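> Below are the structure tokens for one structure; questions will follow.
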Amino acid sequence: MPYAPERENFGSEFELLALSRRECLHYIKPQYQKARSSLKKSEKTANIMKNTNKKEVLQIETFPNPFPERDYVIEMECPEFTCLCPKTGQPDFATLYISYVPEKLCLELKSLKIYLVSYRNEGGFHEKVTNIILDDLVSACRPRKMKIIAEFNVRGGIHTTVTVEHLAKKAATRRGAN
């Protein structure tokens with residue numbers, strides 16, 4: 001019969017170090033199995049994005065376009081984007097390049113920053129995260145055109161770049177008429 005420590009929490013690190021290898025393995029193994037089972041549960045829920053861990057919806061604030069009759073491009077570089085790998089739970093770092101031609105509304109930068117930071121504890125594949133961000137930003141400001149380029153840092157010897165675009169229906173029909 002394996003040795004079972006009387007207490008779950010030891011008084012000090014020295015008491016834990018004093019245990020034999022067999023006693024330590026018996027003590028650590030259940031905690032390891034518990035951590036692995038919770039990881040499997042989180043992998044199942046990692047498929048759903050939009051701040052599912054926090055159960056909150058972040059609103060991206062906008063302001064009126066000062067020149068709605070003119071086409072002009074707003075470009076933003078977000079070099080500190082972070083999300084979690086859904087397989088390993090390790091952080092993935094990226095630089096997001098967001099450019100758009102506004103219609104009636106423009107994105108407010110501070111709320112955009114808070115929105116992007118909210119992905120820091122969210123798991124998702126690069127392609128999924130980039131597409132969800134595009135969908136959320138398009139629904140917030142309804143631009144004539146928007147493009148996001150997500151350049152993820154090298155992971156496992158592979159550099160990933162995901163490019164997604166949105167073209168408003170009005171802009172698409174205007175282009176087809178020319």
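Identifiers in the structure tokens: chain A, B, ... in order shown; residue index from 1 per chain; ligand index from 1 in order shown.
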Quick one: residues within 12 Å of Asn153 (chain A), only C-alpha atoms, excluding same-chain residues fewer than 4 positions away - as a PyMOL selection string?

chain A and resi 79-83+91-96+126+157-162

> Separation of CA of Asp136 (chain A) and CA of Gly156 (chain A), in Å?

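Atom-to-atom, CA of Asp136 (chain A) and CA of Gly156 (chain A) are spaced 29.3 Å apart.
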
> Of the candidates A:Cys85, A:Val73, A:Met146, A:Ile133, which shows the shortest atom-to-atom distance to Leu112 (chain A), using only C-alpha atoms?

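Distance minimum relative to Leu112 (chain A) lands on A:Ile133.
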
> If you count only C-alpha atoms, which residues fall within 9 Å of Leu167 (chain A), apart from same-chain ones fewer than 6 positions away, as a list in words?

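What passes the distance filter is Pro143, Arg144, Lys145, Met146 and Lys147 of chain A.
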
> Could the residues in this selection be written to a file with N, CA and C atoms, as a CSV table (one decimal), in the first residue's frame?


```csv
chain,number,residue,atom,x,y,z
A,143,PRO,N,-17.4,50.1,-41.4
A,143,PRO,CA,-16.5,50.9,-42.4
A,143,PRO,C,-16.9,50.5,-43.8
A,144,ARG,N,-16.4,51.4,-44.7
A,144,ARG,CA,-16.5,51.1,-46.1
A,144,ARG,C,-15.6,49.9,-46.5
A,145,LYS,N,-14.5,49.9,-45.9
A,145,LYS,CA,-13.5,48.8,-46.1
A,145,LYS,C,-12.6,48.7,-44.9
A,146,MET,N,-12.2,47.5,-44.6
A,146,MET,CA,-11.3,47.2,-43.5
A,146,MET,C,-10.4,46.0,-43.8
A,147,LYS,N,-9.2,46.1,-43.3
A,147,LYS,CA,-8.2,45.1,-43.5
A,147,LYS,C,-7.4,44.9,-42.3
```

> Give me, as a list of chain:residue names, the residues of region 42-160 of chain A that a backbone DSSP run labels alpha helix (DSSP H).

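Taking region 42-160 of chain A and keeping alpha helix (DSSP H) only, one gets A:Ser42, A:Glu43, A:Lys44, A:Thr45, A:Leu109, A:Lys110, A:Ser111, A:Leu112, A:Lys113, A:Ile114, A:Tyr115, A:Leu116, A:Val117, A:His126, A:Glu127, A:Lys128, A:Val129, A:Thr130, A:Asn131, A:Ile132, A:Ile133, A:Leu134, A:Asp135, A:Asp136, A:Leu137, A:Val138, A:Ser139, A:Ala140, A:Cys141.
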
> Name all residues at most 8 Å from Phe63 (chain A) (count only C-alpha atoms; drop same-chain ones fewer than 3 positions away) and give them as a VMD selection string.

chain A and resid 105 to 108

> Looking at only C-alpha atoms, which of A:Val117, A:Leu84, A:Val154, A:Val164 is the one that sits closest to Ile132 (chain A)?

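So, comparing all the options, the nearest one is A:Val164.
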
> Excluding region 64-68 of chain A and residues on its chain fewer than 2 positions from it, collect all residues at most 9 Å away from it, counting only C-alpha atoms, and give them as a PyMOL selection string.

chain A and resi 62+70-72+102-106

> What does the structure give for the distance between CA of Ile60 (chain A) and CA of Ser111 (chain A), in Å to one decimal?

5.4 Å

> CA of Arg120 (chain A) to CA of Met76 (chain A): how many Å, to one decimal?

19.0 Å
